[in-house]
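Worksheet for the structure shown next.
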Amino acid sequence: MAGFDKRVSSLEEAMAGIESGMTVIAGGFGLCGIPENLIGEIQRRGVKDLSVYSNNCGVDGFGLGLLLEDRQISTIYASYVGENALFEQQMLEGDIEVVLTPQGTLAEKMRAGGAGIPAFYTATGYGTPIGEGKEVREFNGRHYILEESVVGDFAIVKGWKADRYGNVVYRDTARNFNPLAATAGKITVVEVEEIVEPGELTPDQVHTPGIYVDRIIQGSFEKRIEKRTVHQG
Amino acid sequence: MAGFDKRVSSLEEAMAGIESGMTVIAGGFGLCGIPENLIGEIQRRGVKDLSVYSNNCGVDGFGLGLLLEDRQISTIYASYVGENALFEQQMLEGDIEVVLTPQGTLAEKMRAGGAGIPAFYTATGYGTPIGEGKEVREFNGRHYILEESVVGDFAIVKGWKADRYGNVVYRDTARNFNPLAATAGKITVVEVEEIVEPGELTPDQVHTPGIYVDRIIQGSFEKRIEKRTVHQG
Amino acid sequence: MALTREQMARRVARELEDGFYVNLGIGIPTLVANYVPDDIDVMLQSENGLLGMGRFPTEEEVDPDMINAGKQTVTARPGAAIFSSAESFAMIRGGHVDLTVLGAFEVDQNGNIASWMIPGKLIKGMGGAMDLVAGAENIICTMTHASKHGESKLLESCSLPLTGAGCINRVLTDLAYLEIENGAFVLKERAPGVSVEEIKDKTAGKLIVPEHVPEMVFAD
Amino acid sequence: MALTREQMARRVARELEDGFYVNLGIGIPTLVANYVPDDIDVMLQSENGLLGMGRFPTEEEVDPDMINAGKQTVTARPGAAIFSSAESFAMIRGGHVDLTVLGAFEVDQNGNIASWMIPGKLIKGMGGAMDLVAGAENIICTMTHASKHGESKLLESCSLPLTGAGCINRVLTDLAYLEIENGAFVLKERAPGVSVEEIKDKTAGKLIVPEHVPEMVFAD
């Protein structure tokens, strides 16, 4: 059954093959559900000129923010760049190209890329700078713009549990972009908190079927909280 | 909390508002996971001239086959019409318009309709009769055709368990088209085997979030098996 | 007197209906959750993938895997559902959310909204706002009526890059509640003690003032 | 001797590789599952929403909620995943399935395939076949080389409505295994005892016959 055993035992093996100039699709929303250790491995390798698709770009010194420090990212497709001073600075200074992309369009670009849909129409962004230069078409009296999908050389994903076949479940809102990213990588690498035996995940409850996943690695996670808000009383 | 209690107590109430000439999107694959009782209620009401989106059209005397008997369907969008003699006959005689639609395209039409995507490109059907009259476009050197999505006046869905908020889980391969259909109805009616208390369904495991669902009804099901195949020994 | 942030949230909360699925943006919109009338129930959608957002967690409940779109730690109420970002925006884009409340820098008399960038000054990104305004049929925009320098934010035509075109029809400011109809702001209610004259002064876009403009009433 | 259905399935099974995700169509392709070599493991995808299809159920295991795309009752193997039709075709359309095996009425030298209707005679519908041939890079077509009346099914140009254009590159018939390259069928293997002459006779499309065409060997 070696052919379906997708477990790898080192981060080096997990990110083997990543090279400068590649496109990387990353799961996570803010600092929630981000592939911390895979990002760390990309930093360690020092590959440059990456194109990254990710909703956010981490914070200074954590998450994808690490790759900004070493100027490893040349272009990022993201919906939100707030809360990251270095990011804002690199953007304003033109060191990094930021393609601001509406969050739902970003999610759908990944999903469609994984699903063999090269392009789709959405009303999101019509009449705004996001729609400029894009084809506009009317359906049922409403205007939509054409958006193309994306497939990455690598997708880096954070899951909760996985089996060796690469079936993955996510925990709570740490799911976010992860299942979409998982479908959209030529090589999809998933790091999880726990690897379980095949059969432990109920087939009905698998969030990412193993067919999308190439490598699985177990890791430990800091899970930094961006805004700790608590109920008083 | 009346506003979120989507339970109805009769089939009459479940299908209230359905009229002749409407578009109905139905879940189910073959006879597996079909909304048996909602179909029965449509038959009882005798509404005519329905446009139906469903992968199959049941068999003679069961499932959507019931609506063929009374000639209630004028147009059906389906991927497979085999195993239903009456269907084939009505189609060949021109009593019913059959828009044969590739299975994946049919699924994506429903999903996209529910997701506010009016149209998408797919390679499926390019160069075949399915692509005739449709826009062809090249992306990355490959040809794709443009397919439009669908939203129905009603979606009829078969779930396993639901809570009163309309959160639904499906069982095994009875899931099939049901979650897609559920997103694509202006009025979505789900019949289930069991209604559970809010909180009994783990949020992570909900297949159809309640926001898509308008009415929930508990029913009992025949669950007819189309091809009973057993392991010898 | 201009409305406080809390009063603005309370006024918006009156637009809630029993059974509404609601997406609340960051800032004043978030406060609306505190003023849901007792006799109705609404379900909060957070675009990072949560339907049925609950209160903030206690210290013991804090969980880094459970946040809202503002990245705050939250809880899920019984009957919540959690899903991917694609599913979340399927709901939003597909028009399944009943009400969206969000802030803005500018709104104009044609229902255009600008809320995501000030060229050369502030680029935070649009997050989910462009999807929300494109997907919802029912949007309330909350904002101060004018800047600190007295410049109107209710314009004839937005000067900043748009978030959405022709999508806003209700605006609640600290001075007034207005609806946008046929290329004009229609003044529906005034903040307590705020004169029609002041609102006129601070509205750069076309303003229609009905004969009677009631004052908002806040019970306590 | 022409291959039996079982021999055809056995020959196709040799194309399986360890770790392949495979979609098997109805008919001969289904039989391939019986001949997976012992030293490899493949995962069967059924387009109604099952990855990791197992054997048929025992009488006690029969469950109407667990069927395959041929509507047969089946089981799931440990490590299976179940999903919606949209997700299933995301896999297929997105090129995630490693090998698709399906039957056909006709194939032509340009890789076109016709498998879903015979005008005026038979309209079953394409089911998932159009998606499968559009999505897979690796397709094996299984069919008899000629009709009962001796008419070739390997044509210069398909006469029936197409299922997919230019997508087939491997064909296993009861007489031969062929690959489609540059607008021609290339004869790679013969069924035991079948002459190159017979294959030539029954191939209407352009056929390239290499100097040596090995005979298939079946151990038992």
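If you're wondering about the labels, chains in the structure tokens are A, B, ... by order shown, residues count from 1 in each chain, ligands from 1 in order shown.
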Near chain D, 10 Å: chain A residue rows, closest pairs, only C-alpha atoms, as a tab-separated table:
```
residue	atom	partner	partner_atom	distance
A:Met1	CA	D:Asp41	CA	5.4
A:Ala2	CA	D:Gly19	CA	7.4
A:Gly3	CA	D:Gly19	CA	3.8
A:Phe4	CA	D:Gly19	CA	5.0
A:Asp5	CA	D:Gly19	CA	8.4
A:Lys6	CA	D:Gly19	CA	9.8
A:Arg111	CA	D:Ala90	CA	8.5
A:Ala112	CA	D:Ala90	CA	8.1
A:Gly113	CA	D:Gly94	CA	7.3
A:Gly114	CA	D:Gly94	CA	5.4
A:Ala115	CA	D:Ala90	CA	3.8
A:Gly116	CA	D:Gly94	CA	3.7
A:Ile117	CA	D:Gly94	CA	7.4
A:Pro118	CA	D:Gly94	CA	9.6
A:Val151	CA	D:Gly94	CA	9.9
A:Asp163	CA	D:Gly79	CA	7.4
A:Arg164	CA	D:Gly79	CA	8.5
A:Tyr165	CA	D:Gly79	CA	6.8
A:Gly166	CA	D:Gly79	CA	9.0
A:Asn167	CA	D:Ala81	CA	7.3
A:Val168	CA	D:Ala81	CA	9.7
A:Thr183	CA	D:Met91	CA	8.3
A:Ala184	CA	D:Gly94	CA	8.8
A:Lys186	CA	D:His96	CA	9.5
A:Glu197	CA	D:Gly79	CA	8.2
A:Pro198	CA	D:Gly79	CA	4.4
A:Gly199	CA	D:Pro78	CA	4.4
A:Glu200	CA	D:Gly79	CA	7.7
A:Leu201	CA	D:Gly79	CA	7.3
A:Thr202	CA	D:Ala81	CA	7.7
A:Pro203	CA	D:Ala81	CA	4.1
A:Asp204	CA	D:Ile82	CA	5.1
A:Gln205	CA	D:Ile82	CA	7.7
A:Val206	CA	D:Ala81	CA	5.9
A:His207	CA	D:Phe83	CA	8.5
A:Thr208	CA	D:Ala81	CA	8.4
A:Pro209	CA	D:Ala81	CA	5.7
A:Gly210	CA	D:Ala81	CA	7.8
A:Ile211	CA	D:His96	CA	6.6
A:Tyr212	CA	D:His96	CA	6.7
A:Val213	CA	D:His96	CA	9.7
```
* Asked: Any idea what's packed within 10 Å of Glu60 (chain D), counting only C-alpha atoms, ignoring anything in its chain fewer than 3 positions away? Could you give it as a count of residues only?
  -> 3
* Asked: What's the 7 Å shell around Gly125 (chain D), counting only C-alpha atoms, without same-chain residues fewer than 2 positions away, as a list in words?
  -> Ser79, Tyr80, Val81 and Leu100 of chain B; Trp116, Met117, Ile123 and Gly127 of chain D
* For CA of Asn84 (chain A) and CA of Gly58 (chain A), determine how far apart the two atoms are, in Å to one decimal place. => 7.0 Å
* **Close residues, Tyr77 (chain A) itself excluded, 8 Å, only C-alpha atoms, min 3 positions apart in chain, as a PyMOL selection string** => chain A and resi 51-55+98-101+106
Just need chain D moved onto chain C: least-squares over all Cα atoms matched in order, then output as a PDB file with C-alpha atoms, in the first residue's frame.
```pdb
ATOM      1  CA  MET D   1     -26.885  65.727  19.264  1.00  0.00           C
ATOM      2  CA  ALA D   2     -25.095  63.341  16.981  1.00  0.00           C
ATOM      3  CA  LEU D   3     -25.730  59.701  17.789  1.00  0.00           C
ATOM      4  CA  THR D   4     -23.128  57.809  19.793  1.00  0.00           C
ATOM      5  CA  ARG D   5     -21.725  54.616  18.336  1.00  0.00           C
ATOM      6  CA  GLU D   6     -24.007  52.683  20.634  1.00  0.00           C
ATOM      7  CA  GLN D   7     -27.059  54.627  19.512  1.00  0.00           C
ATOM      8  CA  MET D   8     -26.146  54.014  15.912  1.00  0.00           C
ATOM      9  CA  ALA D   9     -25.957  50.308  16.638  1.00  0.00           C
ATOM     10  CA  ARG D  10     -29.291  50.444  18.447  1.00  0.00           C
ATOM     11  CA  ARG D  11     -30.935  52.199  15.539  1.00  0.00           C
ATOM     12  CA  VAL D  12     -29.599  49.641  13.072  1.00  0.00           C
ATOM     13  CA  ALA D  13     -30.806  46.832  15.305  1.00  0.00           C
ATOM     14  CA  ARG D  14     -34.369  48.010  14.725  1.00  0.00           C
ATOM     15  CA  GLU D  15     -34.017  46.923  11.135  1.00  0.00           C
ATOM     16  CA  LEU D  16     -33.459  43.313  12.202  1.00  0.00           C
ATOM     17  CA  GLU D  17     -36.269  40.865  11.710  1.00  0.00           C
ATOM     18  CA  ASP D  18     -36.893  37.541  13.354  1.00  0.00           C
ATOM     19  CA  GLY D  19     -35.142  34.815  11.407  1.00  0.00           C
ATOM     20  CA  PHE D  20     -32.676  37.093   9.633  1.00  0.00           C
ATOM     21  CA  TYR D  21     -29.223  35.856   8.681  1.00  0.00           C
ATOM     22  CA  VAL D  22     -27.008  38.869   9.199  1.00  0.00           C
ATOM     23  CA  ASN D  23     -23.427  39.738   8.392  1.00  0.00           C
ATOM     24  CA  LEU D  24     -21.987  42.508  10.537  1.00  0.00           C
ATOM     25  CA  GLY D  25     -18.841  44.313   9.471  1.00  0.00           C
ATOM     26  CA  ILE D  26     -16.076  45.536  11.727  1.00  0.00           C
ATOM     27  CA  GLY D  27     -16.640  48.568  13.972  1.00  0.00           C
ATOM     28  CA  ILE D  28     -20.096  49.966  14.657  1.00  0.00           C
ATOM     29  CA  PRO D  29     -21.791  47.113  12.784  1.00  0.00           C
ATOM     30  CA  THR D  30     -20.279  44.645  15.259  1.00  0.00           C
ATOM     31  CA  LEU D  31     -22.002  46.478  18.105  1.00  0.00           C
ATOM     32  CA  VAL D  32     -25.402  45.804  16.549  1.00  0.00           C
ATOM     33  CA  ALA D  33     -25.211  42.278  17.962  1.00  0.00           C
ATOM     34  CA  ASN D  34     -25.547  43.752  21.445  1.00  0.00           C
ATOM     35  CA  TYR D  35     -28.921  45.294  20.673  1.00  0.00           C
ATOM     36  CA  VAL D  36     -30.917  42.518  19.085  1.00  0.00           C
ATOM     37  CA  PRO D  37     -34.441  42.917  20.468  1.00  0.00           C
ATOM     38  CA  ASP D  38     -35.385  40.258  23.018  1.00  0.00           C
ATOM     39  CA  ASP D  39     -38.360  38.975  21.091  1.00  0.00           C
ATOM     40  CA  ILE D  40     -36.507  38.124  17.899  1.00  0.00           C
ATOM     41  CA  ASP D  41     -33.642  35.872  16.963  1.00  0.00           C
ATOM     42  CA  VAL D  42     -31.055  36.527  14.299  1.00  0.00           C
ATOM     43  CA  MET D  43     -28.191  34.334  13.152  1.00  0.00           C
ATOM     44  CA  LEU D  44     -24.842  36.003  12.614  1.00  0.00           C
ATOM     45  CA  GLN D  45     -22.722  34.992   9.640  1.00  0.00           C
ATOM     46  CA  SER D  46     -18.999  35.536   9.788  1.00  0.00           C
ATOM     47  CA  GLU D  47     -17.395  35.323   6.375  1.00  0.00           C
ATOM     48  CA  ASN D  48     -14.411  33.282   7.497  1.00  0.00           C
ATOM     49  CA  GLY D  49     -16.811  30.366   7.706  1.00  0.00           C
ATOM     50  CA  LEU D  50     -19.194  30.521  10.647  1.00  0.00           C
ATOM     51  CA  LEU D  51     -22.973  30.726  10.701  1.00  0.00           C
ATOM     52  CA  GLY D  52     -24.348  31.165  14.200  1.00  0.00           C
ATOM     53  CA  MET D  53     -21.634  33.225  15.824  1.00  0.00           C
ATOM     54  CA  GLY D  54     -22.066  33.424  19.586  1.00  0.00           C
ATOM     55  CA  ARG D  55     -20.685  35.685  22.302  1.00  0.00           C
ATOM     56  CA  PHE D  56     -17.017  36.137  23.075  1.00  0.00           C
ATOM     57  CA  PRO D  57     -15.500  33.185  24.932  1.00  0.00           C
ATOM     58  CA  THR D  58     -14.657  33.118  28.627  1.00  0.00           C
ATOM     59  CA  GLU D  59     -10.965  32.823  29.415  1.00  0.00           C
ATOM     60  CA  GLU D  60     -11.397  29.058  29.607  1.00  0.00           C
ATOM     61  CA  GLU D  61     -13.236  28.862  26.314  1.00  0.00           C
ATOM     62  CA  VAL D  62     -10.723  30.857  24.272  1.00  0.00           C
ATOM     63  CA  ASP D  63      -9.739  28.756  21.261  1.00  0.00           C
ATOM     64  CA  PRO D  64      -7.369  29.939  18.536  1.00  0.00           C
ATOM     65  CA  ASP D  65      -9.289  27.805  16.024  1.00  0.00           C
ATOM     66  CA  MET D  66     -12.497  29.717  16.668  1.00  0.00           C
ATOM     67  CA  ILE D  67     -12.414  33.287  15.420  1.00  0.00           C
ATOM     68  CA  ASN D  68     -14.650  35.650  13.491  1.00  0.00           C
ATOM     69  CA  ALA D  69     -13.904  37.662  10.365  1.00  0.00           C
ATOM     70  CA  GLY D  70     -12.508  40.435  12.557  1.00  0.00           C
ATOM     71  CA  LYS D  71     -10.032  37.835  13.885  1.00  0.00           C
ATOM     72  CA  GLN D  72     -11.549  38.077  17.356  1.00  0.00           C
ATOM     73  CA  THR D  73     -11.931  34.922  19.397  1.00  0.00           C
ATOM     74  CA  VAL D  74     -15.611  33.939  19.465  1.00  0.00           C
ATOM     75  CA  THR D  75     -17.887  31.033  20.263  1.00  0.00           C
ATOM     76  CA  ALA D  76     -20.506  29.212  18.217  1.00  0.00           C
ATOM     77  CA  ARG D  77     -24.087  29.013  19.391  1.00  0.00           C
ATOM     78  CA  PRO D  78     -26.017  25.732  19.402  1.00  0.00           C
ATOM     79  CA  GLY D  79     -27.183  25.082  15.876  1.00  0.00           C
ATOM     80  CA  ALA D  80     -24.167  26.783  14.329  1.00  0.00           C
ATOM     81  CA  ALA D  81     -22.530  25.540  11.155  1.00  0.00           C
ATOM     82  CA  ILE D  82     -18.893  25.879  10.138  1.00  0.00           C
ATOM     83  CA  PHE D  83     -17.678  25.708   6.551  1.00  0.00           C
ATOM     84  CA  SER D  84     -14.982  26.742   4.121  1.00  0.00           C
ATOM     85  CA  SER D  85     -14.422  30.221   2.714  1.00  0.00           C
ATOM     86  CA  ALA D  86     -15.780  29.054  -0.650  1.00  0.00           C
ATOM     87  CA  GLU D  87     -19.023  27.937   0.965  1.00  0.00           C
ATOM     88  CA  SER D  88     -19.174  31.126   3.007  1.00  0.00           C
ATOM     89  CA  PHE D  89     -18.967  33.309  -0.062  1.00  0.00           C
ATOM     90  CA  ALA D  90     -21.362  31.050  -1.922  1.00  0.00           C
ATOM     91  CA  MET D  91     -23.864  32.133   0.726  1.00  0.00           C
ATOM     92  CA  ILE D  92     -22.901  35.765   0.433  1.00  0.00           C
ATOM     93  CA  ARG D  93     -22.578  35.984  -3.341  1.00  0.00           C
ATOM     94  CA  GLY D  94     -25.658  33.836  -3.838  1.00  0.00           C
ATOM     95  CA  GLY D  95     -27.817  36.301  -1.922  1.00  0.00           C
ATOM     96  CA  HIS D  96     -28.635  34.043   1.007  1.00  0.00           C
ATOM     97  CA  VAL D  97     -27.686  36.581   3.683  1.00  0.00           C
ATOM     98  CA  ASP D  98     -30.710  38.692   4.637  1.00  0.00           C
ATOM     99  CA  LEU D  99     -28.931  41.776   5.884  1.00  0.00           C
ATOM    100  CA  THR D 100     -25.422  43.151   5.698  1.00  0.00           C
ATOM    101  CA  VAL D 101     -24.295  46.034   7.868  1.00  0.00           C
ATOM    102  CA  LEU D 102     -20.980  47.639   7.037  1.00  0.00           C
ATOM    103  CA  GLY D 103     -19.037  50.829   7.414  1.00  0.00           C
ATOM    104  CA  ALA D 104     -17.872  53.133   4.619  1.00  0.00           C
ATOM    105  CA  PHE D 105     -15.704  56.134   3.873  1.00  0.00           C
ATOM    106  CA  GLU D 106     -18.187  57.524   1.353  1.00  0.00           C
ATOM    107  CA  VAL D 107     -21.587  56.754  -0.114  1.00  0.00           C
ATOM    108  CA  ASP D 108     -23.163  58.549  -3.026  1.00  0.00           C
ATOM    109  CA  GLN D 109     -26.661  59.304  -4.226  1.00  0.00           C
ATOM    110  CA  ASN D 110     -26.481  56.506  -6.780  1.00  0.00           C
ATOM    111  CA  GLY D 111     -25.831  53.876  -4.152  1.00  0.00           C
ATOM    112  CA  ASN D 112     -22.118  53.611  -4.799  1.00  0.00           C
ATOM    113  CA  ILE D 113     -19.941  52.849  -1.803  1.00  0.00           C
ATOM    114  CA  ALA D 114     -16.240  53.420  -1.130  1.00  0.00           C
ATOM    115  CA  SER D 115     -14.822  51.674   1.908  1.00  0.00           C
ATOM    116  CA  TRP D 116     -11.579  49.931   1.187  1.00  0.00           C
ATOM    117  CA  MET D 117      -8.821  52.301   0.241  1.00  0.00           C
ATOM    118  CA  ILE D 118      -7.620  55.879   0.280  1.00  0.00           C
ATOM    119  CA  PRO D 119      -5.043  56.166  -2.488  1.00  0.00           C
ATOM    120  CA  GLY D 120      -1.583  56.984  -1.223  1.00  0.00           C
ATOM    121  CA  LYS D 121      -2.724  56.890   2.350  1.00  0.00           C
ATOM    122  CA  LEU D 122      -4.435  53.740   3.437  1.00  0.00           C
ATOM    123  CA  ILE D 123      -4.556  50.351   1.795  1.00  0.00           C
ATOM    124  CA  LYS D 124      -6.053  47.725   3.990  1.00  0.00           C
ATOM    125  CA  GLY D 125      -7.759  45.737   1.282  1.00  0.00           C
ATOM    126  CA  MET D 126     -11.406  44.996   0.690  1.00  0.00           C
ATOM    127  CA  GLY D 127     -11.566  41.706   2.579  1.00  0.00           C
ATOM    128  CA  GLY D 128     -15.052  40.359   2.011  1.00  0.00           C
ATOM    129  CA  ALA D 129     -16.714  43.757   1.566  1.00  0.00           C
ATOM    130  CA  MET D 130     -16.903  43.682  -2.228  1.00  0.00           C
ATOM    131  CA  ASP D 131     -18.559  40.283  -2.149  1.00  0.00           C
ATOM    132  CA  LEU D 132     -20.926  41.391   0.585  1.00  0.00           C
ATOM    133  CA  VAL D 133     -22.134  44.490  -1.232  1.00  0.00           C
ATOM    134  CA  ALA D 134     -22.446  42.581  -4.502  1.00  0.00           C
ATOM    135  CA  GLY D 135     -24.302  39.688  -2.920  1.00  0.00           C
ATOM    136  CA  ALA D 136     -26.699  41.271  -0.475  1.00  0.00           C
ATOM    137  CA  GLU D 137     -29.928  42.897  -1.555  1.00  0.00           C
ATOM    138  CA  ASN D 138     -30.301  44.457   1.812  1.00  0.00           C
ATOM    139  CA  ILE D 139     -27.412  46.552   3.012  1.00  0.00           C
ATOM    140  CA  ILE D 140     -27.202  49.176   5.710  1.00  0.00           C
ATOM    141  CA  CYS D 141     -24.204  51.422   5.596  1.00  0.00           C
ATOM    142  CA  THR D 142     -23.093  52.951   8.897  1.00  0.00           C
ATOM    143  CA  MET D 143     -20.783  55.952   8.980  1.00  0.00           C
ATOM    144  CA  THR D 144     -20.350  59.419  10.346  1.00  0.00           C
ATOM    145  CA  HIS D 145     -22.215  61.930   8.247  1.00  0.00           C
ATOM    146  CA  ALA D 146     -19.145  64.102   7.741  1.00  0.00           C
ATOM    147  CA  SER D 147     -15.441  63.965   8.437  1.00  0.00           C
ATOM    148  CA  LYS D 148     -13.838  65.632  11.422  1.00  0.00           C
ATOM    149  CA  HIS D 149     -13.174  68.576   9.170  1.00  0.00           C
ATOM    150  CA  GLY D 150     -16.857  68.812   8.311  1.00  0.00           C
ATOM    151  CA  GLU D 151     -16.580  67.346   4.823  1.00  0.00           C
ATOM    152  CA  SER D 152     -19.645  65.413   3.800  1.00  0.00           C
ATOM    153  CA  LYS D 153     -19.371  61.672   3.235  1.00  0.00           C
ATOM    154  CA  LEU D 154     -22.753  61.546   1.499  1.00  0.00           C
ATOM    155  CA  LEU D 155     -21.791  62.634  -1.948  1.00  0.00           C
ATOM    156  CA  GLU D 156     -23.062  63.261  -5.407  1.00  0.00           C
ATOM    157  CA  SER D 157     -20.405  60.890  -6.598  1.00  0.00           C
ATOM    158  CA  CYS D 158     -17.841  58.944  -4.574  1.00  0.00           C
ATOM    159  CA  SER D 159     -14.319  60.305  -4.918  1.00  0.00           C
ATOM    160  CA  LEU D 160     -12.538  57.218  -3.585  1.00  0.00           C
ATOM    161  CA  PRO D 161     -12.191  53.862  -5.348  1.00  0.00           C
ATOM    162  CA  LEU D 162     -15.490  52.025  -5.144  1.00  0.00           C
ATOM    163  CA  THR D 163     -16.276  48.881  -3.194  1.00  0.00           C
ATOM    164  CA  GLY D 164     -19.484  48.385  -5.106  1.00  0.00           C
ATOM    165  CA  ALA D 165     -21.612  50.200  -7.662  1.00  0.00           C
ATOM    166  CA  GLY D 166     -25.272  51.009  -7.170  1.00  0.00           C
ATOM    167  CA  CYS D 167     -25.708  48.584  -4.315  1.00  0.00           C
ATOM    168  CA  ILE D 168     -26.460  50.690  -1.236  1.00  0.00           C
ATOM    169  CA  ASN D 169     -29.972  51.817  -0.446  1.00  0.00           C
ATOM    170  CA  ARG D 170     -29.867  52.523   3.284  1.00  0.00           C
ATOM    171  CA  VAL D 171     -27.478  54.685   5.240  1.00  0.00           C
ATOM    172  CA  LEU D 172     -27.350  55.320   8.954  1.00  0.00           C
ATOM    173  CA  THR D 173     -25.084  58.156   9.994  1.00  0.00           C
ATOM    174  CA  ASP D 174     -24.569  59.788  13.349  1.00  0.00           C
ATOM    175  CA  LEU D 175     -27.034  62.471  12.210  1.00  0.00           C
ATOM    176  CA  ALA D 176     -29.700  60.707  10.234  1.00  0.00           C
ATOM    177  CA  TYR D 177     -31.219  57.640   8.710  1.00  0.00           C
ATOM    178  CA  LEU D 178     -31.556  57.957   4.932  1.00  0.00           C
ATOM    179  CA  GLU D 179     -32.659  55.826   2.038  1.00  0.00           C
ATOM    180  CA  ILE D 180     -31.291  56.111  -1.463  1.00  0.00           C
ATOM    181  CA  GLU D 181     -33.950  56.268  -4.144  1.00  0.00           C
ATOM    182  CA  ASN D 182     -33.769  57.365  -7.764  1.00  0.00           C
ATOM    183  CA  GLY D 183     -30.450  59.106  -7.484  1.00  0.00           C
ATOM    184  CA  ALA D 184     -31.053  60.946  -4.228  1.00  0.00           C
ATOM    185  CA  PHE D 185     -30.750  60.572  -0.479  1.00  0.00           C
ATOM    186  CA  VAL D 186     -34.173  60.657   1.126  1.00  0.00           C
ATOM    187  CA  LEU D 187     -34.053  61.858   4.712  1.00  0.00           C
ATOM    188  CA  LYS D 188     -36.174  59.475   6.768  1.00  0.00           C
ATOM    189  CA  GLU D 189     -35.203  60.207  10.380  1.00  0.00           C
ATOM    190  CA  ARG D 190     -33.100  62.720  12.285  1.00  0.00           C
ATOM    191  CA  ALA D 191     -30.917  62.064  15.309  1.00  0.00           C
ATOM    192  CA  PRO D 192     -32.478  63.574  18.433  1.00  0.00           C
ATOM    193  CA  GLY D 193     -31.922  67.306  18.452  1.00  0.00           C
ATOM    194  CA  VAL D 194     -30.300  67.414  15.030  1.00  0.00           C
ATOM    195  CA  SER D 195     -31.928  69.871  12.667  1.00  0.00           C
ATOM    196  CA  VAL D 196     -32.818  69.279   9.075  1.00  0.00           C
ATOM    197  CA  GLU D 197     -30.628  72.311   8.332  1.00  0.00           C
ATOM    198  CA  GLU D 198     -27.536  70.653   9.800  1.00  0.00           C
ATOM    199  CA  ILE D 199     -28.179  67.513   7.788  1.00  0.00           C
ATOM    200  CA  LYS D 200     -28.672  69.587   4.666  1.00  0.00           C
ATOM    201  CA  ASP D 201     -25.401  71.389   5.327  1.00  0.00           C
ATOM    202  CA  LYS D 202     -23.491  68.158   5.755  1.00  0.00           C
ATOM    203  CA  THR D 203     -24.963  66.312   2.787  1.00  0.00           C
ATOM    204  CA  ALA D 204     -23.129  67.048  -0.437  1.00  0.00           C
ATOM    205  CA  GLY D 205     -25.254  64.718  -2.543  1.00  0.00           C
ATOM    206  CA  LYS D 206     -28.803  65.410  -3.635  1.00  0.00           C
ATOM    207  CA  LEU D 207     -31.036  65.340  -0.572  1.00  0.00           C
ATOM    208  CA  ILE D 208     -34.791  64.989  -0.540  1.00  0.00           C
ATOM    209  CA  VAL D 209     -36.432  66.206   2.636  1.00  0.00           C
ATOM    210  CA  PRO D 210     -39.994  65.025   3.160  1.00  0.00           C
ATOM    211  CA  GLU D 211     -42.420  67.379   4.845  1.00  0.00           C
ATOM    212  CA  HIS D 212     -42.166  65.601   8.152  1.00  0.00           C
ATOM    213  CA  VAL D 213     -38.852  64.079   9.264  1.00  0.00           C
ATOM    214  CA  PRO D 214     -39.340  62.282  12.567  1.00  0.00           C
ATOM    215  CA  GLU D 215     -36.723  62.346  15.267  1.00  0.00           C
ATOM    216  CA  MET D 216     -35.309  59.025  16.388  1.00  0.00           C
ATOM    217  CA  VAL D 217     -36.408  58.028  19.858  1.00  0.00           C
ATOM    218  CA  PHE D 218     -34.187  56.093  22.235  1.00  0.00           C
ATOM    219  CA  ALA D 219     -36.031  54.778  25.253  1.00  0.00           C
ATOM    220  CA  ASP D 220     -33.324  55.284  27.837  1.00  0.00           C
TER     221      ASP D 220
END
```
* Asked: Which residues in region 3-228 of chain A does DSSP call alpha helix (DSSP H)? List them as an NGL selection string.
  -> :A and (11-14 or 36-45 or 65-69 or 85-92 or 103-114 or 178-183)
* To do: Could you check which of A:Gly61, A:Thr229, A:Ala162, A:Arg171 is closest to Val196 (chain A), using only C-alpha atoms?
  => A:Ala162
* Any chance you could list, as a ChimeraX atom specification, the residues in chain D that come up strand (DSSP E) when DSSP is run on the backbone? => /D:21-24,43-46,50-53,76-82,99-103,106-108,113-114,117-118,122-123,139-143,154-155,170-173,176-181,184-190,207-208
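Using only C-alpha atoms, the nearest neighbour of chain A within the list B:Ala123, B:Val189, B:Ala85, B:Ile195 is B:Ala123.
If only C-alpha atoms are the atoms counted, then among A:Tyr170, A:Tyr126, A:Phe62, A:Trp160 the closest residue to chain B is A:Tyr170.
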* Can you list, as an NGL selection string, every protein, DNA or RNA residue that comes within 10 Å of Asp49 (chain A) when you count only C-alpha atoms, leaving out same-chain residues fewer than 6 positions away? -> :A and (19-23 or 71-75 or 96)
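Residue nearest chain B within the list A:Val157, A:Ala78, A:Ala174, A:Leu67: A:Ala174 [criterion: smallest interatomic distance, only C-alpha atoms].
With only C-alpha atoms as the basis for measurement, A:Gly141 is the residue among A:Gly17, A:Gly33, A:Gly65, A:Gly141 that approaches chain B most closely.
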